[in-house]
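Listing of data_18.cif; format and content: mmCIF, C-alpha atoms and all ligand atoms.
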data_work
loop_
_atom_site.label_atom_id
_atom_site.label_comp_id
_atom_site.auth_asym_id
_atom_site.auth_seq_id
_atom_site.Cartn_x
_atom_site.Cartn_y
_atom_site.Cartn_z
CA ILE U 1 75.94 119.57 92.53
CA ALA U 2 72.65 117.88 91.68
CA LYS U 3 69.76 120.28 91.00
CA ARG U 4 67.70 119.07 93.94
CA TRP U 5 70.22 120.82 96.25
CA ASN U 6 69.84 124.21 94.52
CA SER U 7 67.59 125.63 97.23
CA THR U 8 70.00 124.65 100.04
CA GLY U 9 72.72 127.00 101.25
CA LYS U 10 75.33 126.68 103.99
CA SER U 11 73.82 125.98 107.42
CA ILE U 12 73.03 129.15 109.35
CA PHE U 13 74.27 127.37 112.49
CA SER U 14 77.77 126.79 111.05
CA GLU U 15 77.79 130.31 109.60
CA MET U 16 76.90 132.04 112.88
CA THR U 17 79.30 129.86 114.89
CA ALA U 18 82.14 130.75 112.49
CA LEU U 19 81.27 134.47 112.75
CA SER U 20 81.08 134.16 116.53
CA ASN U 21 84.53 132.57 116.71
CA LEU U 22 85.95 135.22 114.39
CA HIS U 23 84.77 138.00 116.71
CA ASN U 24 85.45 136.10 119.89
CA ALA U 25 81.79 136.57 120.81
CA VAL U 26 79.57 134.70 123.28
CA ASN U 27 77.77 132.08 121.22
CA LEU U 28 74.05 131.84 122.00
CA GLY U 29 73.41 130.83 118.38
CA GLN U 30 73.85 127.15 117.56
CA GLY U 31 72.13 124.99 120.18
CA PHE U 32 74.92 123.25 122.05
CA PRO U 33 75.69 123.34 125.78
CA ASP U 34 78.97 124.95 126.84
CA PHE U 35 78.97 122.93 130.08
CA TYR U 36 79.76 119.29 130.69
CA GLY U 37 77.12 116.57 130.45
CA PRO U 38 77.18 113.66 132.93
CA THR U 39 80.65 112.19 133.51
CA ALA U 40 79.00 108.82 134.30
CA LEU U 41 78.13 108.62 130.60
CA LEU U 42 81.69 109.44 129.50
CA ASP U 43 83.02 106.79 131.88
CA ALA U 44 80.59 104.23 130.49
CA ILE U 45 81.51 105.06 126.87
CA SER U 46 85.24 104.96 127.71
CA LYS U 47 84.84 101.49 129.19
CA GLU U 48 83.16 100.33 125.99
CA VAL U 49 85.94 101.85 123.87
CA LEU U 50 88.50 99.85 125.86
CA SER U 51 86.56 96.58 125.65
CA CYS U 52 86.26 94.54 122.46
CA HIS U 53 83.27 96.25 120.87
CA ASN U 54 85.22 97.66 118.00
CA GLN U 55 83.38 96.45 114.92
CA TYR U 56 80.13 97.50 113.26
CA ALA U 57 77.03 97.59 115.41
CA PRO U 58 73.88 95.91 114.02
CA SER U 59 72.46 98.33 111.42
CA HIS U 60 69.35 99.21 113.44
CA GLY U 61 71.24 99.54 116.74
CA GLU U 62 72.71 97.59 119.65
CA ALA U 63 70.07 95.38 121.32
CA ALA U 64 71.04 96.63 124.80
CA LEU U 65 70.30 100.24 123.85
CA ARG U 66 67.06 99.44 122.03
CA LYS U 67 65.88 97.64 125.15
CA GLU U 68 66.57 100.70 127.33
CA ILE U 69 64.92 103.01 124.79
CA SER U 70 61.82 100.84 124.84
CA TYR U 71 61.74 100.97 128.63
CA PHE U 72 62.28 104.74 128.73
CA VAL U 73 59.62 105.52 126.12
CA GLU U 74 57.14 103.27 127.91
CA SER U 75 57.87 104.92 131.26
CA THR U 76 57.37 108.44 129.87
CA THR U 77 54.48 107.85 127.44
CA GLY U 78 52.92 104.51 128.38
CA VAL U 79 53.40 103.34 124.79
CA ILE U 80 55.26 100.08 124.19
CA TYR U 81 57.59 99.84 121.17
CA ASP U 82 59.10 96.44 120.35
CA PRO U 83 62.90 96.83 120.34
CA GLU U 84 63.24 94.18 117.61
CA THR U 85 60.88 95.62 115.04
CA GLU U 86 59.93 99.15 116.09
CA ILE U 87 63.09 100.94 117.32
CA THR U 88 66.04 102.14 115.22
CA VAL U 89 69.17 103.90 116.46
CA THR U 90 70.40 106.66 114.15
CA CYS U 91 73.33 109.06 113.86
CA GLY U 92 71.54 111.80 115.80
CA ALA U 93 68.00 113.03 115.22
CA SER U 94 69.23 114.78 112.06
CA GLU U 95 69.89 111.46 110.36
CA ALA U 96 66.58 110.14 111.67
CA ILE U 97 64.76 113.10 110.08
CA PHE U 98 66.61 112.62 106.79
CA CYS U 99 65.85 108.88 106.74
CA ALA U 100 62.20 109.27 107.66
CA ILE U 101 61.55 111.99 105.09
CA ASN U 102 63.35 110.06 102.37
CA ALA U 103 61.55 106.85 103.32
CA PHE U 104 58.05 108.34 103.05
CA VAL U 105 58.13 111.28 100.63
CA ASN U 106 57.79 110.67 96.89
CA PRO U 107 58.60 113.35 94.29
CA GLY U 108 55.68 115.77 94.17
CA ASP U 109 54.28 114.75 97.58
CA ARG U 110 53.12 117.53 99.87
CA VAL U 111 54.60 117.77 103.35
CA LEU U 112 52.92 119.83 106.06
CA VAL U 113 55.45 121.86 108.08
CA PHE U 114 54.78 124.25 110.98
CA GLU U 115 57.04 127.23 110.53
CA PRO U 116 59.36 128.63 111.69
CA ALA U 117 61.01 125.19 111.54
CA PHE U 118 64.40 123.54 111.94
CA ASP U 119 66.06 124.13 108.55
CA ILE U 120 67.05 120.54 107.82
CA TYR U 121 63.38 119.62 107.31
CA TYR U 122 63.36 121.78 104.19
CA GLN U 123 66.66 120.31 103.00
CA ALA U 124 65.52 116.70 103.38
CA ILE U 125 62.15 117.45 101.75
CA ALA U 126 63.92 119.07 98.79
CA ASN U 127 66.18 116.03 98.47
CA ALA U 128 63.15 113.75 98.35
CA GLY U 129 61.45 115.97 95.74
CA GLY U 130 58.61 116.88 98.10
CA GLU U 131 56.75 120.18 98.33
CA VAL U 132 56.42 122.10 101.59
CA VAL U 133 52.93 123.09 102.73
CA PRO U 134 53.64 125.66 105.44
CA VAL U 135 51.47 126.45 108.45
CA ARG U 136 52.66 129.60 110.15
CA LEU U 137 52.99 129.91 113.91
CA HIS U 138 52.37 133.50 114.97
CA ALA U 139 54.60 135.46 117.33
CA PRO U 140 52.81 137.10 120.27
CA ASP U 141 53.83 140.60 119.15
CA THR U 142 51.97 140.40 115.83
CA PRO U 143 48.31 141.35 115.24
CA VAL U 144 47.35 137.65 114.96
CA GLY U 145 49.51 136.54 117.88
CA VAL U 146 48.39 136.11 121.48
CA ARG U 147 49.87 139.16 123.23
CA GLY U 148 52.11 138.42 126.17
CA GLY U 149 51.97 134.68 125.47
CA GLY U 150 53.80 132.26 123.24
CA TRP U 151 53.58 131.48 119.55
CA SER U 152 50.12 130.42 118.34
CA ILE U 153 48.27 128.78 115.46
CA ASP U 154 45.57 130.53 113.45
CA TRP U 155 43.17 127.63 112.94
CA SER U 156 41.60 129.03 109.80
CA GLU U 157 45.07 129.23 108.24
CA PHE U 158 45.73 125.69 109.43
CA ASP U 159 42.54 124.41 107.80
CA ALA U 160 43.34 126.27 104.58
CA ALA U 161 46.85 124.77 104.44
CA CYS U 162 45.50 121.28 105.10
CA SER U 163 42.91 121.62 102.35
CA GLN U 164 45.79 121.62 99.82
CA GLY U 165 46.30 117.98 100.87
CA PHE U 166 49.43 116.35 102.26
CA SER U 167 50.70 112.81 102.67
CA VAL U 168 53.37 113.50 105.31
CA ALA U 169 53.42 116.00 108.19
CA ILE U 170 56.30 117.11 110.38
CA PHE U 171 55.38 118.03 113.89
CA ASN U 172 57.86 119.31 116.49
CA SER U 173 56.98 119.84 120.13
CA PRO U 174 58.70 121.18 122.22
CA HIS U 175 59.37 123.41 119.23
CA ASN U 176 62.64 124.70 117.81
CA PRO U 177 63.12 127.68 117.43
CA THR U 178 60.15 129.14 119.36
CA GLY U 179 60.20 127.11 122.61
CA LYS U 180 56.47 126.47 122.14
CA VAL U 181 55.09 123.35 123.82
CA PHE U 182 51.86 122.48 122.00
CA SER U 183 48.90 121.98 124.33
CA GLU U 184 46.87 118.78 124.50
CA GLU U 185 44.00 120.54 122.75
CA GLU U 186 46.23 121.80 119.90
CA ILE U 187 47.76 118.36 119.50
CA ASP U 188 44.38 116.68 119.37
CA ARG U 189 43.17 119.07 116.69
CA ILE U 190 46.30 118.54 114.59
CA ALA U 191 46.08 114.75 115.07
CA SER U 192 42.48 114.71 113.85
CA LYS U 193 43.50 116.39 110.61
CA ILE U 194 46.43 114.01 110.11
CA LEU U 195 44.10 111.07 110.64
CA LYS U 196 41.60 112.46 108.15
CA LYS U 197 44.34 112.67 105.51
CA ASN U 198 45.78 109.31 106.57
CA ALA U 199 49.19 111.05 106.50
CA ILE U 200 52.36 109.75 108.12
CA VAL U 201 53.57 112.16 110.80
CA LEU U 202 57.19 112.62 111.82
CA SER U 203 57.07 113.71 115.43
CA ASP U 204 60.35 115.42 116.28
CA GLU U 205 60.49 115.25 120.08
CA VAL U 206 64.19 115.84 120.66
CA TYR U 207 63.46 118.41 123.39
CA GLU U 208 60.99 116.08 125.18
CA ASN U 209 62.98 116.29 128.43
CA MET U 210 63.14 120.10 128.54
CA VAL U 211 59.66 121.30 129.44
CA TYR U 212 58.91 123.92 132.07
CA SER U 213 55.89 123.74 134.35
CA PRO U 214 52.99 124.41 133.91
CA ALA U 215 53.64 123.28 130.32
CA ARG U 216 53.47 119.51 129.83
CA HIS U 217 54.85 117.48 126.95
CA VAL U 218 52.21 115.43 125.16
CA SER U 219 53.69 112.96 122.71
CA LEU U 220 51.70 112.42 119.52
CA CYS U 221 52.23 108.68 119.96
CA THR U 222 50.00 108.73 123.05
CA LEU U 223 46.92 109.53 120.94
CA PRO U 224 45.51 106.06 120.12
CA LYS U 225 43.71 107.34 117.03
CA ILE U 226 46.95 108.17 115.17
CA GLN U 227 49.52 105.95 116.88
CA HIS U 228 49.73 103.80 113.72
CA LEU U 229 50.87 106.85 111.71
CA VAL U 230 53.48 108.29 114.11
CA VAL U 231 57.24 108.15 113.56
CA ARG U 232 58.69 109.42 116.83
CA ILE U 233 62.20 110.90 116.83
CA SER U 234 64.39 111.47 119.94
CA SER U 235 67.95 112.55 120.64
CA ALA U 236 70.46 111.30 123.21
CA ALA U 237 72.62 114.33 122.42
CA LYS U 238 69.92 116.74 123.58
CA THR U 239 68.88 114.60 126.54
CA PHE U 240 72.43 114.21 127.88
CA GLY U 241 73.81 117.63 126.88
CA PHE U 242 76.57 116.19 124.68
CA THR U 243 75.78 117.09 121.07
CA GLY U 244 78.89 115.13 120.08
CA LEU U 245 77.15 111.86 120.94
CA LYS U 246 75.41 112.03 117.56
CA THR U 247 72.98 109.33 118.64
CA GLY U 248 69.25 109.47 118.21
CA TRP U 249 66.41 106.99 117.78
CA VAL U 250 63.20 106.42 115.94
CA CYS U 251 60.18 104.62 117.39
CA ALA U 252 57.48 103.66 114.90
CA PRO U 253 55.15 100.78 114.05
CA ALA U 254 57.02 97.96 112.26
CA TYR U 255 55.68 98.78 108.77
CA LEU U 256 57.07 102.35 109.08
CA THR U 257 60.26 101.22 110.85
CA ASP U 258 61.01 99.04 107.79
CA GLY U 259 61.18 102.20 105.64
CA VAL U 260 63.35 104.14 108.09
CA ARG U 261 65.74 101.18 108.41
CA LEU U 262 66.12 100.87 104.62
CA VAL U 263 67.28 104.48 104.24
CA HIS U 264 69.40 104.30 107.41
CA GLN U 265 71.15 101.22 106.01
CA ALA U 266 71.82 103.11 102.78
CA THR U 267 73.14 106.28 104.47
CA VAL U 268 75.34 105.38 107.47
CA PHE U 269 74.46 101.66 107.97
CA CYS U 270 75.07 101.91 111.72
CA THR U 271 76.40 104.27 114.38
CA SER U 272 79.29 103.90 116.82
CA PRO U 273 78.78 100.83 119.07
CA TYR U 274 80.80 102.43 121.89
CA THR U 275 78.42 105.32 122.27
CA GLN U 276 75.36 103.09 122.00
CA LEU U 277 76.57 100.63 124.63
CA GLY U 278 77.71 103.42 126.97
CA LEU U 279 74.26 105.00 126.69
CA ALA U 280 72.62 101.66 127.44
CA ARG U 281 74.75 101.32 130.61
CA VAL U 282 73.67 104.68 132.06
CA MET U 283 70.04 104.39 130.99
CA GLU U 284 69.93 101.00 132.69
CA ASN U 285 70.42 102.81 136.00
CA LYS U 286 66.82 104.06 136.16
CA GLU U 287 67.10 106.01 139.38
CA TRP U 288 70.23 107.84 138.26
CA PHE U 289 68.65 108.64 134.88
CA GLN U 290 65.47 109.98 136.45
CA ASN U 291 67.37 112.20 138.89
CA TYR U 292 69.65 113.43 136.15
CA LEU U 293 66.66 114.51 134.01
CA LEU U 294 64.97 116.27 136.91
CA SER U 295 68.04 118.28 137.87
CA GLN U 296 68.77 119.13 134.23
CA ASN U 297 65.25 120.46 133.81
CA GLU U 298 65.50 122.58 136.95
CA SER U 299 68.79 124.02 135.83
CA TYR U 300 67.46 124.88 132.34
CA LEU U 301 64.46 126.62 133.87
CA LYS U 302 66.78 128.87 135.90
CA LYS U 303 68.85 129.64 132.82
CA ARG U 304 65.73 130.51 130.82
CA ASN U 305 64.48 132.87 133.50
CA PHE U 306 67.87 134.52 133.87
CA LEU U 307 68.33 135.11 130.14
CA LYS U 308 64.74 136.37 129.82
CA SER U 309 65.32 138.97 132.53
CA ILE U 310 68.58 140.14 130.92
CA LEU U 311 66.95 140.49 127.50
CA GLU U 312 63.94 142.36 128.87
CA ARG U 313 66.26 144.80 130.66
CA ALA U 314 68.13 145.28 127.38
CA GLY U 315 64.87 146.26 125.62
CA PHE U 316 63.91 143.07 123.78
CA LEU U 317 60.31 141.79 123.70
CA VAL U 318 60.80 138.22 124.88
CA HIS U 319 58.32 135.59 123.72
CA ASN U 320 57.19 132.93 126.14
CA SER U 321 59.34 129.77 125.94
CA GLU U 322 57.81 126.73 127.64
CA GLY U 323 60.31 124.14 126.51
CA THR U 324 63.59 123.43 124.62
CA PHE U 325 66.72 125.45 125.42
CA PHE U 326 65.76 128.27 123.08
CA LEU U 327 63.78 131.44 123.32
CA THR U 328 62.85 133.95 120.66
CA ALA U 329 62.65 137.71 121.09
CA SER U 330 61.75 140.74 119.04
CA TYR U 331 64.23 143.61 118.61
CA GLU U 332 61.44 145.83 117.22
CA ASN U 333 62.01 148.47 119.91
CA LEU U 334 65.78 148.49 119.45
CA ALA U 335 66.33 148.48 115.69
CA GLY U 336 62.94 147.76 114.14
CA ASP U 337 63.78 148.62 110.54
CA ILE U 338 66.88 146.45 110.16
CA SER U 339 66.62 142.92 108.68
CA ASP U 340 67.24 140.08 111.11
CA ILE U 341 70.29 138.93 109.11
CA ILE U 342 71.91 142.35 109.43
CA TYR U 343 70.83 142.75 113.04
CA THR U 344 72.33 139.40 114.14
CA LYS U 345 75.61 140.33 112.40
CA GLN U 346 75.62 143.70 114.15
CA LEU U 347 74.98 142.03 117.50
CA VAL U 348 78.07 139.87 116.97
CA GLU U 349 80.27 142.70 115.73
CA THR U 350 79.14 145.41 118.15
CA TYR U 351 78.00 143.58 121.29
CA LYS U 352 79.91 140.28 120.87
CA VAL U 353 76.72 138.26 121.32
CA THR U 354 75.77 135.61 118.74
CA THR U 355 72.15 134.63 117.97
CA ILE U 356 70.29 133.12 115.01
CA PRO U 357 68.07 135.20 112.68
CA LEU U 358 64.59 133.67 112.58
CA SER U 359 64.25 134.06 108.81
CA ALA U 360 66.58 131.03 108.53
CA PHE U 361 63.73 128.89 109.85
CA TYR U 362 61.32 129.62 106.99
CA LYS U 363 60.97 128.25 103.48
CA GLN U 364 59.99 131.78 102.46
CA ALA U 365 60.43 134.21 105.31
CA PRO U 366 57.73 136.82 105.97
CA LYS U 367 58.84 140.35 105.00
CA SER U 368 59.22 142.23 108.24
CA LEU U 369 60.53 139.88 110.83
CA PRO U 370 62.36 141.46 113.76
CA TRP U 371 62.88 138.15 115.56
CA ILE U 372 65.99 136.31 116.68
CA ARG U 373 66.66 133.09 118.59
CA PHE U 374 68.82 132.79 121.70
CA ALA U 375 70.10 129.44 123.07
CA PHE U 376 70.24 129.36 126.88
CA CYS U 377 71.98 125.96 127.26
CA LYS U 378 74.98 127.82 128.70
CA LYS U 379 76.85 128.13 132.00
CA GLU U 380 75.64 130.77 134.43
CA GLU U 381 78.84 132.74 133.90
CA THR U 382 78.30 132.69 130.13
CA LEU U 383 74.81 134.13 130.59
CA GLN U 384 76.22 136.65 133.09
CA SER U 385 78.75 137.77 130.47
CA VAL U 386 75.84 138.33 128.05
CA ALA U 387 74.27 140.59 130.70
CA ASP U 388 77.52 142.56 130.93
CA LEU U 389 77.82 142.86 127.16
CA LEU U 390 74.21 143.89 126.50
CA LEU U 391 73.59 146.06 129.52
CA ASN U 392 76.92 147.77 130.15
CA SER U 393 78.41 148.40 126.73
N1 LIG X 1 69.47 121.79 116.32
C1 LIG X 1 70.51 122.76 116.52
C2 LIG X 1 69.94 124.16 116.60
O1 LIG X 1 68.81 124.35 116.24
C3 LIG X 1 71.53 122.82 115.42
C4 LIG X 1 71.96 121.54 114.82
C5 LIG X 1 72.88 121.80 113.66
O2 LIG X 1 73.77 122.63 113.77
N2 LIG X 1 72.62 121.14 112.60
O3 LIG X 1 70.64 125.05 116.97
#
Take the structure in the file and write it out as structure tokens.
Amino acid sequence: IAKRWNSTGKSIFSEMTALSNLHNAVNLGQGFPDFYGPTALLDAISKEVLSCHNQYAPSHGEAALRKEISYFVESTTGVIYDPETEITVTCGASEAIFCAINAFVNPGDRVLVFEPAFDIYYQAIANAGGEVVPVRLHAPDTPVGVRGGGWSIDWSEFDAACSQGFSVAIFNSPHNPTGKVFSEEEIDRIASKILKKNAIVLSDEVYENMVYSPARHVSLCTLPKIQHLVVRISSAAKTFGFTGLKTGWVCAPAYLTDGVRLVHQATVFCTSPYTQLGLARVMENKEWFQNYLLSQNESYLKKRNFLKSILERAGFLVHNSEGTFFLTASYENLAGDISDIIYTKQLVETYKVTTIPLSAFYKQAPKSLPWIRFAFCKKEETLQSVADLLLNS
């Protein structure tokens, strides 16, 4: 294996899912719904499978889908992306992240990352030969955190990290794994720094449709001062609750889209036309799509509240989650001196509940870290079974 992959191990998500299956545990680890997404979408994809669209799609995506993406992004952000030159369909957001990082990071370049962070950022940066400049988010139960609230930024640490210089930044809001939705003020402050460095920013917004009031999603692309630097990444899989769709998209000014398209062409060339055309068909039905998103959001909010109450009764310190389908919690009061890797294994083996240790989301994890991530994109009965396992065993 080439040296640039030395720092990459097996994905924690695959590892915890395998362990979960082995112990027949309830899997709140890897972020995938255990309920069905919209059948209208499956019907639409099936129809496309049975029609004649059975050859390669255009490399940057089917025109019908790019048109609907452009409409959707404009209706949610007010920003217009030209489907011909500024929108690219990828094999999920993961491929989009890989392409964008490899398009813009040269060996030795510094890349600003807010951590904890989705682990594939680190893997793609390592592949490109870049260097991570971390900015830590602080959990509410730490001396620097905001007690009783969500994860926060220490601005003097942020300024110190930025002073090392960076040419690319990765920004993710709503944020995996913490569930933090960055406020308008935080986003403006971060954008100013990016502008000052003239850095390209990859804005991972795959959880854009899962935000719980009073939090509000502000897309980086809506800030006119840095619009020309923003590469915006979305995911149909997250939006429609079918992670198997493996379809995502990138919206960026044409000069940045050119770079993303080059790497995309060299990695997968194109994604399945059936899925793309099926997605276009359902997104075309604006009223249906809008209603679907509203009811999905309502249902996720209930799930979040339910899981939070179970975990609090079980003795966890639950951090505020304002978006995504994740929440983090501290087990400090339950088994404070055990590492998160050991604790998550014990939870699977003893309680039959699977979670993800937060240390997996750091380039170099802080020493004492009693935090784990729970995914709540699960049926009510699944969450109820977690209550039975944690509270009655
Ligand atoms: N994004 C998903 C999560 O954070 C995992 C995706 C994957 O398994 N690569 O759980």
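In this structure, CA of Val268 in chain U sits 23.3 Å away from CA of Leu42 in chain U.
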Do a neighbour search on range 90-105 of chain U at 7 Å with only C-alpha atoms, toss out local chain neighbours closer than 4 positions, and write the hits as a tab-separated table (two decimals) with C-alpha atoms, in the frame of the given file.
chain	number	residue	atom	x	y	z
U	109	ASP	CA	54.28	114.75	97.58
U	124	ALA	CA	65.52	116.70	103.38
U	125	ILE	CA	62.15	117.45	101.75
U	128	ALA	CA	63.15	113.75	98.35
U	130	GLY	CA	58.61	116.88	98.10
U	233	ILE	CA	62.20	110.90	116.83
U	234	SER	CA	64.39	111.47	119.94
U	235	SER	CA	67.95	112.55	120.64
U	246	LYS	CA	75.41	112.03	117.56
U	247	THR	CA	72.98	109.33	118.64
U	248	GLY	CA	69.25	109.47	118.21
U	249	TRP	CA	66.41	106.99	117.78
U	250	VAL	CA	63.20	106.42	115.94
U	259	GLY	CA	61.18	102.20	105.64
U	260	VAL	CA	63.35	104.14	108.09
U	263	VAL	CA	67.28	104.48	104.24
U	264	HIS	CA	69.40	104.30	107.41
U	271	THR	CA	76.40	104.27	114.38
**Study point:** Given only C-alpha atoms as the counted atoms, nearest of U:Asn27, U:Ser183, U:Ala199, U:Asn176 to Val111 in chain U
**Key:**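 So, comparing all the options, the nearest one is U:Ala199.
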Exercise for review: Please indicate the distance in Å from CA of Ile310 in chain U to CA of Pro370 in chain U, rounded to one decimal place.
Suggested key: 18.3 Å
Check your understanding: Once you count only C-alpha atoms and all ligand atoms, which residues end up within 10 Å of ligand LIG 1 (chain X), and could you hand them over as a PyMOL selection string?
Key -> chain U and resi 11-17+28-32+92-94+117-120+175-177+206-207+238+243+324-326+355-356+361+373-375
Taking C-alpha atoms for each residue, export the selection above as an mmCIF file, keeping the file's coordinate frame.
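Final file, result19.cif:
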data_model
loop_
_atom_site.group_PDB
_atom_site.id
_atom_site.type_symbol
_atom_site.label_atom_id
_atom_site.label_comp_id
_atom_site.auth_asym_id
_atom_site.auth_seq_id
_atom_site.Cartn_x
_atom_site.Cartn_y
_atom_site.Cartn_z
ATOM 1 C CA SER U 11 73.820 125.980 107.420
ATOM 2 C CA ILE U 12 73.030 129.150 109.350
ATOM 3 C CA PHE U 13 74.270 127.370 112.490
ATOM 4 C CA SER U 14 77.770 126.790 111.050
ATOM 5 C CA GLU U 15 77.790 130.310 109.600
ATOM 6 C CA MET U 16 76.900 132.040 112.880
ATOM 7 C CA THR U 17 79.300 129.860 114.890
ATOM 8 C CA LEU U 28 74.050 131.840 122.000
ATOM 9 C CA GLY U 29 73.410 130.830 118.380
ATOM 10 C CA GLN U 30 73.850 127.150 117.560
ATOM 11 C CA GLY U 31 72.130 124.990 120.180
ATOM 12 C CA PHE U 32 74.920 123.250 122.050
ATOM 13 C CA GLY U 92 71.540 111.800 115.800
ATOM 14 C CA ALA U 93 68.000 113.030 115.220
ATOM 15 C CA SER U 94 69.230 114.780 112.060
ATOM 16 C CA ALA U 117 61.010 125.190 111.540
ATOM 17 C CA PHE U 118 64.400 123.540 111.940
ATOM 18 C CA ASP U 119 66.060 124.130 108.550
ATOM 19 C CA ILE U 120 67.050 120.540 107.820
ATOM 20 C CA HIS U 175 59.370 123.410 119.230
ATOM 21 C CA ASN U 176 62.640 124.700 117.810
ATOM 22 C CA PRO U 177 63.120 127.680 117.430
ATOM 23 C CA VAL U 206 64.190 115.840 120.660
ATOM 24 C CA TYR U 207 63.460 118.410 123.390
ATOM 25 C CA LYS U 238 69.920 116.740 123.580
ATOM 26 C CA THR U 243 75.780 117.090 121.070
ATOM 27 C CA THR U 324 63.590 123.430 124.620
ATOM 28 C CA PHE U 325 66.720 125.450 125.420
ATOM 29 C CA PHE U 326 65.760 128.270 123.080
ATOM 30 C CA THR U 355 72.150 134.630 117.970
ATOM 31 C CA ILE U 356 70.290 133.120 115.010
ATOM 32 C CA PHE U 361 63.730 128.890 109.850
ATOM 33 C CA ARG U 373 66.660 133.090 118.590
ATOM 34 C CA PHE U 374 68.820 132.790 121.700
ATOM 35 C CA ALA U 375 70.100 129.440 123.070
#
Using all atoms of range 258-267 of chain U that appear in the file, construct an axis-aligned enclosing box with 4 Å of padding on every side and provide its centre coordinates and edge lengths in Å, rounded to one decimal, as AutoDock Vina command-line options.
--center_x 67.1 --center_y 102.7 --center_z 105.6 --size_x 20.1 --size_y 15.2 --size_z 13.6
Review point. CA of Gln384 in chain U and CA of Gln296 in chain U are how many Å apart?
Key: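 Between these atoms lies a distance of 19.1 Å.
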Practice item. Please provide the set of residues having any atom within 12 Å of Leu347 in chain U, restricted to all atoms listed in the file, with same-chain residues fewer than 3 positions apart removed, written as a PyMOL selection string. Key: chain U and resi 16+19-20+23+25-29+331+334-335+338+340-344+350-357+372+374+386+389-390+393
Can you build me a table of range 101-220 of chain U residues sitting at most 9 Å from range 6-10 of chain U, with the closest atom pair per residue and its distance in Å to one decimal, using only C-alpha atoms, sorted by chain and residue number, as a tab-separated table?
residue	atom	partner	partner_atom	distance
U:Tyr122	CA	U:Thr8	CA	8.3
U:Gln123	CA	U:Thr8	CA	6.2
U:Ala126	CA	U:Ser7	CA	7.7
Review point. Which neighbours of range 45-53 of chain U fall inside 12 Å, counting only C-alpha atoms, when residues of the same chain fewer than 2 positions from it are skipped, and could you give them as a ChimeraX atom specification?
Key: /U:38-43,55-58,62,245,272-282
Check your understanding: Pick the closest to Thr88 in chain U from U:Phe306, U:Phe158, U:Phe269, U:Tyr292: which is it, counting only C-alpha atoms?
Key ->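 When distances to Thr88 in chain U are compared using only C-alpha atoms, the smallest one comes from U:Phe269.
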Check your understanding: Which of these, U:Asn209, U:Ser219, U:Asn24, U:Thr257, has the shortest distance to Asp82 in chain U once you count all atoms listed in the file?
Key -> U:Thr257
Point to revise | Selected residue, from U:Thr77, U:Asn392, U:Ser167, U:Thr328, that lies nearest to Gln227 in chain U when counting only C-alpha atoms | key: U:Thr77
